[in-house]
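What follows is a set of notes on a single structure, which appears directly below.
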Amino acid sequence: MKLGVNIDHIAVLREARKVADPDPLDALSICKRAGADQITIHLREDRRHMQDFDAENIIRLSTLPVNLECAIAPEMIEIACKHRPHRVTLVPEKREEVTTEGGLAVTGEQPKLKGAIEMLQRYEIEVSLFIDPTSEAVAASEALGVEWIEFHTGKYANIYAMLYSGLSLTPYSIPELELPRVTLKEILDKELENLKNLSSNASALGIKVAAGHGLNYHNVSNVVAIDEIEELNIGQSIIARSVYTGLEQAILDMQAKIIR
Ligand code: PXP
């Protein structure tokens with residue numbers, strides 16, 4: 001299983017103070033040494049963490065392939081075509097969100113997506129679509145001719161957290177509304193089965209499958225068990241652990257969990 005390390009959260013820490021460090025650029029050699037397969041960064045339209053100079057320098061200097069996540073906006077597509085990362089993952093963006101909350105509305109935004117995808121492919125950049133795990137989204141991705149899809153695993157991660165750490169999906173815990181563990185386990189199994197079936201369908205269509213969002217050292221194994229998923233993009237949990245263990249060890253720990 002390939003690992004893309006999302007290093008946005010290093011820039012989150014820097015931008016909290018608007019200073020020069022920690023510099024995400026310094027993570028490149030550590031990720032490589034720890035055996036990561038890819039560097040993933042998200043250049044948001046609001047430049048909340050990664051800045052334009054980060055994206056430019058990371059794409060230019062990384063010896064690992066760079067997967068640039070960005071919105072379908074013309075400005076972002078232009079930046080991607082200028083710097084030519086190995087891959088662009090198109091993601092939805094909302095200004096008020098804490099993180100990317102769901103997959104792209106692939107069926108609703110087809111003409112806009114088509115133009116962006118064709119432009120990127122003309123620049124020989126692989127394109128991936130960050131989608132919710134639904135058969136409609138897989139079919140729409142196939143019609144759009146992308147090389148990759150990345151399934152948003154946020155729902156799976158939320159159910160897992162509710163089941164095993166007692167976290168509620170809502171900020172307020174309302175005991176009467178909480179589902180019994182046995183029901184949660186059924187929902188979790190169903191979500192995993194759905195991910196497995198859709199990964200298998202996409203793979204049969206010749207689309208490479210990645211997954212990401214909310215994956216951590218506890219919940220990742222179930223996703224690793226899905227053979228057709230070739231790559232995981234993981235950020236928050238690795239960078240969070242690195243505060244205590246250092247980045248190299250945090251990546252090595254994740255590698256140990258995702259080895260097949
Ligand atoms: N993949 C995509 C497309 C994302 O947008 C994100 C979050 O930026 C991730 C993976 C990583 O998610 P997390 O930080 O929860 O591991």
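Quick note on naming: the chains in the structure tokens go A, B, ... in the order shown, residues restart at 1 in each chain, and ligands are numbered from 1 in order of appearance.
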
Exercise. Write out as a VMD selection string each polymer residue (protein, DNA or RNA) that has an atom no more than 9 Å from ligand 1, with only C-alpha atoms and all ligand atoms counted.
Key: chain A and resid 4 to 9 40 to 42 69 to 70 89 to 92 99 to 103 128 to 131 150 to 154 210 to 216 232 to 239

Quiz item: Please, which residues of segment 8-214 of chain A, numbered as in this document, come out strand (DSSP E) from DSSP, as an NGL selection string?
Solution: :A and (38-42 or 66-70 or 87-90 or 126-131 or 148-152 or 208-212)

Quiz item: Got a sec: who's within 9 Å of Met254 of chain A, counting only C-alpha atoms, leaving out chain neighbours fewer than 5 positions off, as a ChimeraX atom specification?
Solution: /A:3,216-217,220,238,249,259

Output file for the residues above (N, CA and C atoms, as a PDB file, in the first residue's frame):
ATOM      1  N   LEU A   3       1.879   5.206   0.483  1.00  0.00           N
ATOM      2  CA  LEU A   3       1.523   6.249   1.454  1.00  0.00           C
ATOM      3  C   LEU A   3       1.887   7.632   0.925  1.00  0.00           C
ATOM      4  N   ASN A 216      -6.289   7.170  10.674  1.00  0.00           N
ATOM      5  CA  ASN A 216      -5.298   7.281  11.745  1.00  0.00           C
ATOM      6  C   ASN A 216      -4.735   5.908  12.095  1.00  0.00           C
ATOM      7  N   TYR A 217      -3.889   5.858  13.107  1.00  0.00           N
ATOM      8  CA  TYR A 217      -3.197   4.617  13.459  1.00  0.00           C
ATOM      9  C   TYR A 217      -4.163   3.523  13.923  1.00  0.00           C
ATOM     10  N   VAL A 220      -6.990   2.636  10.370  1.00  0.00           N
ATOM     11  CA  VAL A 220      -6.492   2.466   9.000  1.00  0.00           C
ATOM     12  C   VAL A 220      -6.508   1.009   8.511  1.00  0.00           C
ATOM     13  N   ILE A 238      -0.676  11.783  11.280  1.00  0.00           N
ATOM     14  CA  ILE A 238       0.793  11.636  11.229  1.00  0.00           C
ATOM     15  C   ILE A 238       1.467  12.883  11.805  1.00  0.00           C
ATOM     16  N   GLN A 249       9.663   9.053  12.701  1.00  0.00           N
ATOM     17  CA  GLN A 249       9.087   7.928  13.455  1.00  0.00           C
ATOM     18  C   GLN A 249       7.580   7.832  13.225  1.00  0.00           C
ATOM     19  N   ILE A 259       1.458  -1.781   5.823  1.00  0.00           N
ATOM     20  CA  ILE A 259       2.190  -2.751   5.006  1.00  0.00           C
ATOM     21  C   ILE A 259       1.283  -3.938   4.685  1.00  0.00           C
TER      22      ILE A 259
END

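For the residues A:Ser200, A:Thr183, A:Ser221, A:Asn158, ranking by smallest atom-to-atom distance to Val138 of chain A using only C-alpha atoms places A:Ser200 first.
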
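Every protein or nucleic acid residue with an atom no more than 8 Å from segment 17-28 of chain A, counting only C-alpha atoms and leaving out same-chain residues fewer than 6 positions away, appears here: Ile7, Asp8, Ile10, Ala11, Ile39, Asp54, Asn57, Ile58, Ser62, Thr63, Leu64 and Leu247 of chain A.
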
Quiz item: Between atom CA of Glu45 of chain A and atom CA of Glu118 of chain A, what is the distance, to one decimal in Å?
Solution: 20.8 Å

Quiz item: Taking only C-alpha atoms into account, which of A:Gln255, A:Ser141, A:Thr245, A:Gln110 comes nearest Val209 of chain A?
Solution: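 Checking each candidate against Val209 of chain A, we get A:Ser141 as the closest.
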